file coords.pdb (PDB, C-alpha atoms)
ATOM      1  CA  MET A   1       5.873  -1.046 -21.666
ATOM      2  CA  CYS A   2       6.394  -4.668 -20.735
ATOM      3  CA  LEU A   3       3.778  -7.383 -20.956
ATOM      4  CA  PHE A   4       1.413  -7.816 -18.025
ATOM      5  CA  LEU A   5      -0.937 -10.556 -16.874
ATOM      6  CA  LYS A   6      -4.472 -10.351 -18.287
ATOM      7  CA  TYR A   7      -5.962 -13.440 -16.763
ATOM      8  CA  ALA A   8      -6.733 -14.708 -13.287
ATOM      9  CA  LEU A   9      -4.470 -17.137 -11.492
ATOM     10  CA  PHE A  10      -5.799 -19.524  -8.878
ATOM     11  CA  THR A  11      -3.668 -21.543  -6.494
ATOM     12  CA  SER A  12      -4.666 -23.347  -3.346
ATOM     13  CA  ARG A  13      -3.197 -25.802  -0.897
ATOM     14  CA  ALA A  14      -4.325 -29.385  -0.845
ATOM     15  CA  ASP A  15      -6.661 -28.718   2.074
ATOM     16  CA  ALA A  16      -8.225 -25.780   0.176
ATOM     17  CA  THR A  17      -7.874 -23.523   3.213
ATOM     18  CA  LEU A  18      -5.741 -20.920   1.428
ATOM     19  CA  THR A  19      -6.668 -19.074  -1.738
ATOM     20  CA  GLU A  20      -4.621 -16.590  -3.722
ATOM     21  CA  ARG A  21      -6.018 -14.680  -6.682
ATOM     22  CA  ILE A  22      -4.735 -12.004  -9.000
ATOM     23  CA  VAL A  23      -7.538  -9.474  -9.098
ATOM     24  CA  GLU A  24      -6.109  -6.549 -11.063
ATOM     25  CA  ASN A  25      -3.148  -5.381 -13.136
ATOM     26  CA  PHE A  26      -1.908  -1.822 -13.012
ATOM     27  CA  LEU A  27       0.760   0.651 -14.060
ATOM     28  CA  TRP A  28       2.448   2.665 -11.305
ATOM     29  CA  ASP A  29       4.832   5.612 -11.430
ATOM     30  CA  GLY A  30       5.660   7.243  -8.112
ATOM     31  CA  VAL A  31       7.988   7.856  -5.182
ATOM     32  CA  ALA A  32       8.304   6.163  -1.803
ATOM     33  CA  ALA A  33      10.040   6.738   1.530
ATOM     34  CA  TYR A  34      10.729   5.203   4.939
ATOM     35  CA  VAL A  35      10.256   7.500   7.966
ATOM     36  CA  PRO A  36      11.526   6.542  11.472
ATOM     37  CA  VAL A  37       8.822   6.360  14.149
ATOM     38  CA  ASP A  38       8.908   5.464  17.841
ATOM     39  CA  ARG A  39       8.218   1.732  18.334
ATOM     40  CA  GLN A  40       5.852   2.490  21.201
ATOM     41  CA  VAL A  41       3.729   4.656  18.888
ATOM     42  CA  ILE A  42       3.655   1.821  16.346
ATOM     43  CA  GLN A  43       2.638  -0.658  19.038
ATOM     44  CA  GLN A  44      -0.190   1.599  20.154
ATOM     45  CA  ARG A  45      -1.460   1.775  16.565
ATOM     46  CA  LEU A  46      -1.269  -2.017  16.227
ATOM     47  CA  ASP A  47      -3.188  -2.383  19.502
ATOM     48  CA  THR A  48      -5.881  -0.017  18.211
ATOM     49  CA  TRP A  49      -6.250  -2.090  15.043
ATOM     50  CA  HIS A  50      -6.316  -5.369  16.968
ATOM     51  CA  ASN A  51      -8.984  -4.026  19.317
ATOM     52  CA  SER A  52     -11.087  -2.839  16.363
ATOM     53  CA  ILE A  53     -11.342  -6.409  15.067
ATOM     54  CA  SER A  54     -11.283  -8.171  18.446
ATOM     55  CA  ASN A  55     -14.898  -9.275  18.093
ATOM     56  CA  GLU A  56     -13.978 -11.270  14.995
ATOM     57  CA  CYS A  57     -13.386 -14.970  15.494
ATOM     58  CA  ASP A  58      -9.801 -15.986  14.794
ATOM     59  CA  GLY A  59      -8.906 -12.422  13.831
ATOM     60  CA  PRO A  60      -5.397 -11.792  12.498
ATOM     61  CA  LYS A  61      -2.661 -10.319  14.647
ATOM     62  CA  LEU A  62       0.513  -8.489  13.662
ATOM     63  CA  TYR A  63       3.679  -7.924  15.684
ATOM     64  CA  LEU A  64       6.710  -5.698  15.622
ATOM     65  CA  PRO A  65       9.743  -7.836  14.735
ATOM     66  CA  THR A  66      11.883  -8.976  17.651
ATOM     67  CA  ASN A  67      14.992  -7.669  15.916
ATOM     68  CA  PRO A  68      14.535  -3.986  14.987
ATOM     69  CA  VAL A  69      14.653  -3.174  11.288
ATOM     70  CA  PHE A  70      17.518  -1.198   9.727
ATOM     71  CA  PRO A  71      19.858  -1.839  12.711
ATOM     72  CA  ASP A  72      22.666   0.173  11.128
ATOM     73  CA  ILE A  73      20.444   3.269  10.946
ATOM     74  CA  LEU A  74      17.762   3.059  13.638
ATOM     75  CA  ASP A  75      18.049   2.367  17.340
ATOM     76  CA  GLU A  76      16.155  -0.394  19.147
ATOM     77  CA  ASN A  77      13.328   1.973  20.081
ATOM     78  CA  GLN A  78      12.466   2.850  16.482
ATOM     79  CA  HIS A  79      10.526   1.301  13.626
ATOM     80  CA  VAL A  80       9.378   2.871  10.333
ATOM     81  CA  VAL A  81       6.320   4.102   8.498
ATOM     82  CA  TYR A  82       6.256   3.711   4.714
ATOM     83  CA  ILE A  83       4.637   6.247   2.404
ATOM     84  CA  ASP A  84       4.283   6.176  -1.347
ATOM     85  CA  THR A  85       2.521   8.433  -3.788
ATOM     86  CA  GLY A  86       2.193   8.488  -7.545
ATOM     87  CA  HIS A  87       0.114   7.978 -10.647
ATOM     88  CA  VAL A  88      -1.832   4.728 -10.936
ATOM     89  CA  GLU A  89      -3.571   3.342 -14.001
ATOM     90  CA  PHE A  90      -5.741   0.231 -13.669
ATOM     91  CA  TYR A  91      -5.839  -1.681 -16.928
ATOM     92  CA  ASP A  92      -9.262  -3.252 -16.464
ATOM     93  CA  PHE A  93     -10.914   0.174 -16.242
ATOM     94  CA  GLN A  94      -9.290   1.914 -19.203
ATOM     95  CA  ASP A  95     -12.470   1.840 -21.281
ATOM     96  CA  ILE A  96     -14.783   3.579 -18.796
ATOM     97  CA  SER A  97     -16.211   6.653 -20.516
ATOM     98  CA  ASP A  98     -18.343   8.089 -17.685
ATOM     99  CA  GLU A  99     -17.258  11.723 -17.244
ATOM    100  CA  CYS A 100     -18.206  11.585 -13.554
ATOM    101  CA  ILE A 101     -15.641   8.865 -12.853
ATOM    102  CA  SER A 102     -11.874   9.350 -13.017
ATOM    103  CA  VAL A 103     -10.487   5.853 -12.558
ATOM    104  CA  ASN A 104      -6.821   6.744 -12.973
ATOM    105  CA  GLY A 105      -5.152   9.406 -10.871
ATOM    106  CA  ILE A 106      -2.732  10.269  -8.085
ATOM    107  CA  GLU A 107      -2.936   8.323  -4.841
ATOM    108  CA  PHE A 108      -1.064   8.550  -1.541
ATOM    109  CA  ALA A 109      -0.664   5.425   0.629
ATOM    110  CA  VAL A 110       0.530   5.007   4.224
ATOM    111  CA  THR A 111       1.513   1.682   5.811
ATOM    112  CA  ILE A 112       3.395   0.287   8.780
ATOM    113  CA  PRO A 113       5.736  -2.148   6.994
ATOM    114  CA  LEU A 114       8.014  -4.961   8.093
ATOM    115  CA  LEU A 115       5.694  -6.580  10.615
ATOM    116  CA  THR A 116       5.434 -10.272  11.478
ATOM    117  CA  ASP A 117       2.604 -12.761  11.936
ATOM    118  CA  ASP A 118       4.139 -14.149  15.137
ATOM    119  CA  GLN A 119       6.624 -12.815  17.653
ATOM    120  CA  ASN A 120       9.582 -14.551  16.014
ATOM    121  CA  GLY A 121       8.412 -14.396  12.405
ATOM    122  CA  ILE A 122       9.867 -12.902   9.238
ATOM    123  CA  PRO A 123       8.707  -9.300   8.582
ATOM    124  CA  HIS A 124       6.625  -9.947   5.492
ATOM    125  CA  TYR A 125       3.490  -8.026   6.519
ATOM    126  CA  SER A 126       2.315  -4.410   6.511
ATOM    127  CA  LEU A 127      -0.614  -2.755   8.257
ATOM    128  CA  ALA A 128      -2.358  -0.605   5.638
ATOM    129  CA  LEU A 129      -3.371   2.620   7.384
ATOM    130  CA  GLY A 130      -4.968   4.329   4.412
ATOM    131  CA  LYS A 131      -4.951   5.226   0.743
ATOM    132  CA  PHE A 132      -5.839   8.842  -0.007
ATOM    133  CA  PHE A 133      -7.507   9.895  -3.261
ATOM    134  CA  GLU A 134      -9.114  13.074  -4.549
ATOM    135  CA  ARG A 135     -12.833  13.086  -3.840
ATOM    136  CA  GLY A 136     -13.321  14.992  -7.101
ATOM    137  CA  ARG A 137     -12.563  11.757  -8.974
ATOM    138  CA  GLY A 138     -16.093  10.652  -8.122
ATOM    139  CA  ASP A 139     -17.159   7.050  -7.634
ATOM    140  CA  ILE A 140     -13.949   5.090  -8.224
ATOM    141  CA  PRO A 141     -13.130   1.366  -8.027
ATOM    142  CA  LYS A 142     -10.980   0.392  -5.056
ATOM    143  CA  PRO A 143      -8.748  -2.479  -6.214
ATOM    144  CA  ASN A 144      -6.319  -1.970  -3.307
ATOM    145  CA  ILE A 145      -8.580  -4.213  -1.289
ATOM    146  CA  ALA A 146      -6.551  -4.168   1.935
ATOM    147  CA  PHE A 147      -6.574  -0.373   2.243
ATOM    148  CA  PRO A 148      -9.180   1.884   3.800
ATOM    149  CA  TYR A 149      -9.771   4.503   1.061
ATOM    150  CA  ILE A 150      -9.864   8.085   2.335
ATOM    151  CA  PRO A 151     -11.073  11.019   0.171
ATOM    152  CA  VAL A 152      -9.215  14.341   0.360
ATOM    153  CA  ASP A 153      -9.683  17.698  -1.329
ATOM    154  CA  GLU A 154      -6.541  17.714  -3.461
ATOM    155  CA  ILE A 155      -3.456  15.716  -4.433
ATOM    156  CA  THR A 156      -1.097  17.261  -6.983
ATOM    157  CA  MET A 157       2.196  15.899  -8.273
ATOM    158  CA  ASN A 158       4.874  17.073 -10.687
ATOM    159  CA  ASN A 159       8.496  16.102 -11.308
ATOM    160  CA  THR A 160       9.748  17.570  -8.009
ATOM    161  CA  ASN A 161       6.824  17.949  -5.591
ATOM    162  CA  VAL A 162       3.704  16.346  -4.150
ATOM    163  CA  VAL A 163       1.100  18.320  -2.228
ATOM    164  CA  MET A 164      -1.933  16.767  -0.509
ATOM    165  CA  ARG A 165      -4.587  18.921   1.167
ATOM    166  CA  ASN A 166      -7.786  18.258   3.031
ATOM    167  CA  GLY A 167      -9.477  21.203   4.703
ATOM    168  CA  ASN A 168      -6.775  22.965   6.700
ATOM    169  CA  ASP A 169      -4.438  19.970   6.627
ATOM    170  CA  GLU A 170      -1.504  19.705   4.239
ATOM    171  CA  ILE A 171       1.502  17.492   3.585
ATOM    172  CA  ARG A 172       4.147  18.562   1.115
ATOM    173  CA  LEU A 173       6.995  16.430  -0.298
ATOM    174  CA  SER A 174       9.923  17.586  -2.416
ATOM    175  CA  PHE A 175      12.218  15.222  -4.279
ATOM    176  CA  GLN A 176      14.759  14.829  -7.079
ATOM    177  CA  ARG A 177      14.334  11.801  -9.338
ATOM    178  CA  PHE A 178      17.489  10.318 -10.883
ATOM    179  CA  ILE A 179      15.710   8.352 -13.603
ATOM    180  CA  ASN A 180      17.246   9.468 -16.890
ATOM    181  CA  PRO A 181      19.659   7.779 -16.637
ATOM    182  CA  CYS A 182      18.521   5.749 -13.654
ATOM    183  CA  LYS A 183      20.813   5.906 -10.642
ATOM    184  CA  PRO A 184      20.392   2.844  -8.364
ATOM    185  CA  ALA A 185      18.333   3.397  -5.228
ATOM    186  CA  ASN A 186      19.763   3.555  -1.716
ATOM    187  CA  LEU A 187      21.195   0.232  -0.486
ATOM    188  CA  VAL A 188      18.648   0.204   2.354
ATOM    189  CA  VAL A 189      15.802   0.328  -0.147
ATOM    190  CA  ARG A 190      17.341  -2.275  -2.447
ATOM    191  CA  HIS A 191      18.046  -4.695   0.407
ATOM    192  CA  GLU A 192      14.598  -4.380   1.958
ATOM    193  CA  PHE A 193      12.768  -4.656  -1.358
ATOM    194  CA  ASP A 194      14.780  -7.708  -2.388
ATOM    195  CA  LYS A 195      14.476  -9.435   0.993
ATOM    196  CA  PHE A 196      11.067  -8.396   2.311
ATOM    197  CA  VAL A 197       8.937  -5.918   0.387
ATOM    198  CA  ASP A 198       8.661  -7.879  -2.856
ATOM    199  CA  GLN A 199       7.086 -10.604  -0.689
ATOM    200  CA  ASP A 200       5.031  -8.187   1.394
ATOM    201  CA  PHE A 201       1.379  -8.750   2.291
ATOM    202  CA  GLN A 202      -0.745  -5.741   3.256
ATOM    203  CA  ILE A 203      -3.657  -6.113   5.644
ATOM    204  CA  GLY A 204      -5.865  -3.478   7.241
ATOM    205  CA  ALA A 205      -9.367  -2.878   5.868
ATOM    206  CA  PRO A 206     -11.957  -4.858   7.853
ATOM    207  CA  LYS A 207     -13.762  -5.861   4.639
ATOM    208  CA  PRO A 208     -12.970  -5.480   0.924
ATOM    209  CA  ASN A 209     -14.858  -2.801  -0.949
ATOM    210  CA  PHE A 210     -16.408  -4.327  -4.070
ATOM    211  CA  GLY A 211     -19.175  -1.729  -4.142
ATOM    212  CA  PHE A 212     -18.100  -0.139  -7.422
ATOM    213  CA  CYS A 213     -18.824  -3.341  -9.316
ATOM    214  CA  ASP A 214     -22.219  -3.634  -7.607
ATOM    215  CA  ARG A 215     -23.160  -0.090  -8.628
ATOM    216  CA  HIS A 216     -21.995  -0.245 -12.253
ATOM    217  CA  SER A 217     -22.638  -2.684 -15.068
ATOM    218  CA  ILE A 218     -19.021  -3.402 -15.964
ATOM    219  CA  ASP A 219     -17.980  -6.747 -17.379
ATOM    220  CA  ASN A 220     -14.222  -6.824 -16.896
ATOM    221  CA  HIS A 221     -11.733  -9.122 -15.215
ATOM    222  CA  TYR A 222     -11.728  -7.278 -11.889
ATOM    223  CA  CYS A 223     -15.506  -7.168 -11.454
ATOM    224  CA  THR A 224     -15.950 -10.746 -12.681
ATOM    225  CA  THR A 225     -13.320 -11.949 -10.231
ATOM    226  CA  ALA A 226     -14.820  -9.852  -7.420
ATOM    227  CA  GLN A 227     -18.242 -11.376  -8.011
ATOM    228  CA  SER A 228     -16.882 -14.925  -8.001
ATOM    229  CA  ILE A 229     -14.950 -14.572  -4.727
ATOM    230  CA  LYS A 230     -16.999 -11.964  -2.846
ATOM    231  CA  CYS A 231     -18.827 -14.334  -0.500
ATOM    232  CA  LYS A 232     -15.714 -16.310   0.428
ATOM    233  CA  VAL A 233     -13.664 -13.153   0.947
ATOM    234  CA  HIS A 234     -16.306 -11.585   3.186
ATOM    235  CA  ARG A 235     -16.425 -14.778   5.248
ATOM    236  CA  ALA A 236     -12.635 -14.635   5.654
ATOM    237  CA  SER A 237     -12.629 -10.918   6.561
ATOM    238  CA  PRO A 238     -10.846  -9.256   8.277
ATOM    239  CA  ASN A 239      -8.209 -11.938   7.697
ATOM    240  CA  ILE A 240      -7.551 -10.949   4.079
ATOM    241  CA  CYS A 241      -4.512  -9.299   2.558
ATOM    242  CA  GLN A 242      -3.111  -8.158  -0.742
ATOM    243  CA  SER A 243       0.263  -8.190  -2.384
ATOM    244  CA  SER A 244       1.577  -6.299  -5.393
ATOM    245  CA  TRP A 245       3.654  -8.630  -7.509
ATOM    246  CA  LYS A 246       5.970  -7.015  -9.991
ATOM    247  CA  THR A 247       5.938  -8.168 -13.590
ATOM    248  CA  VAL A 248       8.931  -7.778 -15.871
ATOM    249  CA  GLY A 249      10.107  -4.194 -16.053
ATOM    250  CA  ARG A 250      10.011  -2.791 -12.518
ATOM    251  CA  VAL A 251      12.565   0.018 -12.259
ATOM    252  CA  SER A 252      13.830   1.528  -8.999
ATOM    253  CA  CYS A 253      15.902   4.722  -9.045
ATOM    254  CA  ALA A 254      17.496   6.948  -6.420
ATOM    255  CA  THR A 255      15.265   9.819  -5.339
ATOM    256  CA  PRO A 256      16.309  11.988  -2.389
ATOM    257  CA  LEU A 257      13.056  13.056  -0.705
ATOM    258  CA  LYS A 258      12.104  15.502   2.039
ATOM    259  CA  ILE A 259       8.839  16.112   3.875
ATOM    260  CA  THR A 260       8.914  19.885   3.872
ATOM    261  CA  ASN A 261       5.593  20.518   5.585
ATOM    262  CA  VAL A 262       2.945  18.472   7.384
ATOM    263  CA  THR A 263       0.131  19.753   9.583
ATOM    264  CA  LYS A 264      -1.296  18.078  12.663
ATOM    265  CA  GLY A 265      -4.057  16.009  11.053
ATOM    266  CA  PHE A 266      -1.770  14.236   8.588
ATOM    267  CA  ARG A 267       1.111  14.155  11.081
ATOM    268  CA  ASP A 268      -1.015  12.297  13.636
ATOM    269  CA  PHE A 269      -2.457   9.922  11.038
ATOM    270  CA  MET A 270       1.011   9.016   9.746
ATOM    271  CA  LEU A 271       2.361   8.646  13.321
ATOM    272  CA  PHE A 272       5.072  11.266  12.812
ATOM    273  CA  ALA A 273       6.575  12.906  15.887
ATOM    274  CA  ASP A 274       6.668  16.661  16.366
ATOM    275  CA  GLY A 275       9.469  18.635  14.742
ATOM    276  CA  GLU A 276      11.502  17.989  11.611
ATOM    277  CA  ILE A 277      10.803  14.647   9.917
ATOM    278  CA  GLU A 278      13.712  12.442   8.916
ATOM    279  CA  VAL A 279      13.613  10.224   5.819
ATOM    280  CA  ILE A 280      16.079   7.337   6.040
ATOM    281  CA  ALA A 281      15.570   5.959   2.523
ATOM    282  CA  SER A 282      13.577   6.846  -0.581
ATOM    283  CA  GLU A 283      13.211   5.893  -4.227
ATOM    284  CA  SER A 284      11.276   6.292  -7.434
ATOM    285  CA  PHE A 285       9.754   3.131  -8.843
ATOM    286  CA  PHE A 286       7.610   2.448 -11.852
ATOM    287  CA  GLY A 287       6.431  -0.446 -13.961
ATOM    288  CA  ASN A 288       3.608  -2.946 -14.379
ATOM    289  CA  PHE A 289       2.298  -4.850 -11.374
ATOM    290  CA  SER A 290      -0.328  -7.448 -10.520
ATOM    291  CA  MET A 291      -2.554  -7.006  -7.471
ATOM    292  CA  GLY A 292      -2.966 -10.245  -5.578
ATOM    293  CA  LEU A 293      -5.500 -11.181  -2.912
ATOM    294  CA  LYS A 294      -4.873 -13.852  -0.283
ATOM    295  CA  TYR A 295      -7.469 -15.255   2.094
ATOM    296  CA  PRO A 296      -7.152 -16.190   4.824
ATOM    297  CA  CYS A 297      -4.082 -14.027   5.184
ATOM    298  CA  ILE A 298      -2.559 -15.115   8.491
ATOM    299  CA  GLU A 299      -3.022 -18.750   9.469
TER     300      GLU A 299
END

call {"tool": "encode", "arguments": {"input": "coords.pdb", "output": "structure tokens"}}
result
Amino acid sequence: MCLFLKYALFTSRADATLTERIVENFLWDGVAAYVPVDRQVIQQRLDTWHNSISNECDGPKLYLPTNPVFPDILDENQHVVYIDTGHVEFYDFQDISDECISVNGIEFAVTIPLLTDDQNGIPHYSLALGKFFERGRGDIPKPNIAFPYIPVDEITMNNTNVVMRNGNDEIRLSFQRFINPCKPANLVVRHEFDKFVDQDFQIGAPKPNFGFCDRHSIDNHYCTTAQSIKCKVHRASPNICQSSWKTVGRVSCATPLKITNVTKGFRDFMLFADGEIEVIASESFFGNFSMGLKYPCIE
């Protein structure tokens, strides 16, 4: 695989009000999709998030873009939810030998992408709704700092299917990956990734979860960085966000994807309407990435 960053980067503006740090490097191999959702439903979810942090001074605020996204595909009353799922491997935790901890595994993330930080802004923000992981993995680090982590009973993935279950709830995806050789992804995906998503900042969790490092005696880059910035990040919370910067070697390939089954619990969480679920664009992507943290996120 390609080279990846193994050291922290620190940049700040002259007034020292903005800090950006690379906190972790990881390998990802998974699939992703955009699903159309009613704009009013999205707005209600944004309002719920805003109200949950309304007691915070100078709390961040996100907006639906004035001009609807994907105008050639969606109507003015629609926006999208973004889902991705795949195998993740965090480089800083490769040497953990505790049998009760499975650091690497399959995860399933849900966001509302392509949001703005003001009513006329560029859609470079996402509201992170949740990142699902198998509770059987035990006490795991949570480097996706902007995401609320949610344990579920089971997530399985093979070359054509993903199934996630929790109690009586289930979501099932089927897909066909054109990766050998790689067929270019849908133009919608390529345009949005080039223009917006590669510069995307995710925000959502009220506070970062550095608890793993507090509970375990691990001297690696992630935990050292977490310790050095923890107080400042907590003071900036909930106005913190993350971004996943690609390093050399990110590959995106066409992957037709269908959501073949989803029960009420997951359907409501992911803001999907009743009935058959449409996917307007999907892809496979894999490569090495760096997880960045920015605080404050929205100025």

call {"tool": "residues_around", "arguments": {"input": "coords.pdb", "residues": "A:Ile96", "least_positions_apart": "4", "cutoff": "12 Å", "atoms": "all atoms listed in the file", "output": "list in words"}}
result
Phe90, Tyr91, Asp92, Cys100, Ile101, Ser102, Val103, Asn104, Asp139, Ile140, Pro141, His216, Ser217, Ile218, Asp219 and Asn220 of chain A

call {"tool": "closest_residue", "arguments": {"input": "coords.pdb", "among": "A:Pro113, A:Arg250, A:Ala146, A:Lys258", "to": "A:Lys207", "atoms": "all atoms listed in the file"}}
result
A:Ala146

call {"tool": "closest_residue", "arguments": {"input": "coords.pdb", "among": "A:Val41, A:Ala109, A:Val152, A:Ala32", "to": "A:Phe175", "atoms": "all atoms listed in the file"}}
result
A:Ala32

call {"tool": "atom_distance", "arguments": {"input": "coords.pdb", "atom1": "atom CA of A:Pro148", "atom2": "atom CA of A:Ile259"}}
result
23.0 Å

call {"tool": "resolve_selection", "arguments": {"input": "coords.pdb", "expression": "the PyMOL selection byres ((chain A and resi 180) around 12)", "output": "CSV table (one decimal) with C-alpha atoms, keeping the file's coordinate frame"}}
result
chain,number,residue,atom,x,y,z
A,176,GLN,CA,14.8,14.8,-7.1
A,177,ARG,CA,14.3,11.8,-9.3
A,178,PHE,CA,17.5,10.3,-10.9
A,179,ILE,CA,15.7,8.4,-13.6
A,181,PRO,CA,19.7,7.8,-16.6
A,182,CYS,CA,18.5,5.7,-13.7
A,183,LYS,CA,20.8,5.9,-10.6
A,184,PRO,CA,20.4,2.8,-8.4
A,251,VAL,CA,12.6,0.0,-12.3
A,252,SER,CA,13.8,1.5,-9.0
A,253,CYS,CA,15.9,4.7,-9.0
A,254,ALA,CA,17.5,6.9,-6.4
A,255,THR,CA,15.3,9.8,-5.3
A,284,SER,CA,11.3,6.3,-7.4

call {"tool": "closest_residue", "arguments": {"input": "coords.pdb", "among": "A:Phe210, A:Tyr34, A:Trp28, A:Phe201", "to": "A:Phe285", "atoms": "all atoms listed in the file"}}
result
A:Trp28

call {"tool": "closest_residue", "arguments": {"input": "coords.pdb", "among": "A:Ser54, A:Thr48, A:Thr111, A:Asn77", "to": "A:Tyr125", "atoms": "only C-alpha atoms"}}
result
A:Thr111

call {"tool": "resolve_selection", "arguments": {"input": "coords.pdb", "expression": "the PyMOL selection byres ((chain A and resi 171) around 7)", "output": "ChimeraX atom specification"}}
result
/A:163-165,170,172-173,261-263,266

call {"tool": "closest_residue", "arguments": {"input": "coords.pdb", "among": "A:Phe289, A:Phe133, A:Phe269, A:Phe70", "to": "A:Ile150", "atoms": "only C-alpha atoms"}}
result
A:Phe133

call {"tool": "closest_residue", "arguments": {"input": "coords.pdb", "among": "A:Pro238, A:Gly130, A:Pro60, A:Gly287", "to": "A:Asp84", "atoms": "only C-alpha atoms"}}
result
A:Gly130

call {"tool": "atom_distance", "arguments": {"input": "coords.pdb", "atom1": "atom CA of A:Arg137", "atom2": "atom CA of A:Ser290"}}
result
22.8 Å

call {"tool": "resolve_selection", "arguments": {"input": "coords.pdb", "expression": "the PyMOL selection byres ((chain A and resi 274-276) around 9)", "output": "list in words"}}
result
Ile259, Thr260, Asn261, Lys264, Arg267, Phe272, Ala273, Ile277 and Glu278 of chain A

call {"tool": "residues_around", "arguments": {"input": "coords.pdb", "residues": "A:Cys231", "least_positions_apart": "4", "cutoff": "12 Å", "atoms": "all atoms listed in the file", "output": "list in words"}}
result
Lys207, Pro208, Phe210, Thr225, Ala226, Gln227, Arg235, Ala236, Ser237 and Tyr295 of chain A

call {"tool": "atom_distance", "arguments": {"input": "coords.pdb", "atom1": "atom CA of A:Gln202", "atom2": "atom CA of A:Pro296"}}
result
12.4 Å

call {"tool": "residues_around", "arguments": {"input": "coords.pdb", "residues": "A:Ala128", "least_positions_apart": "5", "cutoff": "12 Å", "atoms": "all atoms listed in the file", "output": "number ranges by chain"}}
result
A: 45-46, 49, 62, 81-84, 108-115, 144-150, 200-206, 240-243, 269-270

call {"tool": "axis_aligned_box", "arguments": {"input": "coords.pdb", "around": "stretch 114-123 of chain A", "padding_each_side": "5 Å", "output": "lines of an AutoDock Vina configuration file"}}
result
center_x = 6.2
center_y = -9.8
center_z = 12.9
size_x = 17.3
size_y = 19.6
size_z = 19.6

call {"tool": "residues_around", "arguments": {"input": "coords.pdb", "residues": "A:His79", "least_positions_apart": "4", "cutoff": "7 Å", "atoms": "all atoms listed in the file", "output": "NGL selection string"}}
result
:A and (36-39 or 68-69)

call {"tool": "write_last_selection", "arguments": {"input": "coords.pdb", "atoms": "C-alpha atoms", "output": "PDB file, in the frame of the given file"}}
result
ATOM      1  CA  PRO A  36      11.526   6.542  11.472  1.00  0.00           C
ATOM      2  CA  VAL A  37       8.822   6.360  14.149  1.00  0.00           C
ATOM      3  CA  ASP A  38       8.908   5.464  17.841  1.00  0.00           C
ATOM      4  CA  ARG A  39       8.218   1.732  18.334  1.00  0.00           C
ATOM      5  CA  PRO A  68      14.535  -3.986  14.987  1.00  0.00           C
ATOM      6  CA  VAL A  69      14.653  -3.174  11.288  1.00  0.00           C
TER       7      VAL A  69
END

call {"tool": "build_atoms", "arguments": {"input": "coords.pdb", "residues": "stretch 76-85 of chain A", "atoms": "N, CA, C and O atoms", "output": "PDB file, in the frame of the given file"}}
result
ATOM      1  N   GLU A  76      17.079   0.686  18.799  1.00  0.00           N
ATOM      2  CA  GLU A  76      16.155  -0.394  19.147  1.00  0.00           C
ATOM      3  C   GLU A  76      14.761   0.105  19.511  1.00  0.00           C
ATOM      4  O   GLU A  76      13.824  -0.689  19.614  1.00  0.00           O
ATOM      5  N   ASN A  77      14.624   1.410  19.725  1.00  0.00           N
ATOM      6  CA  ASN A  77      13.328   1.973  20.081  1.00  0.00           C
ATOM      7  C   ASN A  77      12.579   2.551  18.880  1.00  0.00           C
ATOM      8  O   ASN A  77      11.557   3.216  19.064  1.00  0.00           O
ATOM      9  N   GLN A  78      13.079   2.286  17.679  1.00  0.00           N
ATOM     10  CA  GLN A  78      12.466   2.850  16.482  1.00  0.00           C
ATOM     11  C   GLN A  78      12.000   1.759  15.524  1.00  0.00           C
ATOM     12  O   GLN A  78      12.543   0.652  15.484  1.00  0.00           O
ATOM     13  N   HIS A  79      10.975   2.090  14.771  1.00  0.00           N
ATOM     14  CA  HIS A  79      10.526   1.301  13.626  1.00  0.00           C
ATOM     15  C   HIS A  79      10.329   2.317  12.485  1.00  0.00           C
ATOM     16  O   HIS A  79      10.889   3.412  12.533  1.00  0.00           O
ATOM     17  N   VAL A  80       9.578   1.958  11.447  1.00  0.00           N
ATOM     18  CA  VAL A  80       9.378   2.871  10.333  1.00  0.00           C
ATOM     19  C   VAL A  80       7.927   2.877   9.879  1.00  0.00           C
ATOM     20  O   VAL A  80       7.187   1.907  10.080  1.00  0.00           O
ATOM     21  N   VAL A  81       7.545   3.997   9.278  1.00  0.00           N
ATOM     22  CA  VAL A  81       6.320   4.102   8.498  1.00  0.00           C
ATOM     23  C   VAL A  81       6.740   4.269   7.043  1.00  0.00           C
ATOM     24  O   VAL A  81       7.757   4.905   6.738  1.00  0.00           O
ATOM     25  N   TYR A  82       5.961   3.666   6.143  1.00  0.00           N
ATOM     26  CA  TYR A  82       6.256   3.711   4.714  1.00  0.00           C
ATOM     27  C   TYR A  82       5.174   4.519   4.017  1.00  0.00           C
ATOM     28  O   TYR A  82       3.976   4.303   4.248  1.00  0.00           O
ATOM     29  N   ILE A  83       5.585   5.485   3.201  1.00  0.00           N
ATOM     30  CA  ILE A  83       4.637   6.247   2.404  1.00  0.00           C
ATOM     31  C   ILE A  83       5.012   6.112   0.940  1.00  0.00           C
ATOM     32  O   ILE A  83       6.194   6.013   0.588  1.00  0.00           O
ATOM     33  N   ASP A  84       4.010   6.065   0.086  1.00  0.00           N
ATOM     34  CA  ASP A  84       4.283   6.176  -1.347  1.00  0.00           C
ATOM     35  C   ASP A  84       3.152   6.950  -2.012  1.00  0.00           C
ATOM     36  O   ASP A  84       2.008   6.946  -1.555  1.00  0.00           O
ATOM     37  N   THR A  85       3.498   7.628  -3.063  1.00  0.00           N
ATOM     38  CA  THR A  85       2.521   8.433  -3.788  1.00  0.00           C
ATOM     39  C   THR A  85       2.907   8.473  -5.253  1.00  0.00           C
ATOM     40  O   THR A  85       4.090   8.468  -5.594  1.00  0.00           O
TER      41      THR A  85
END
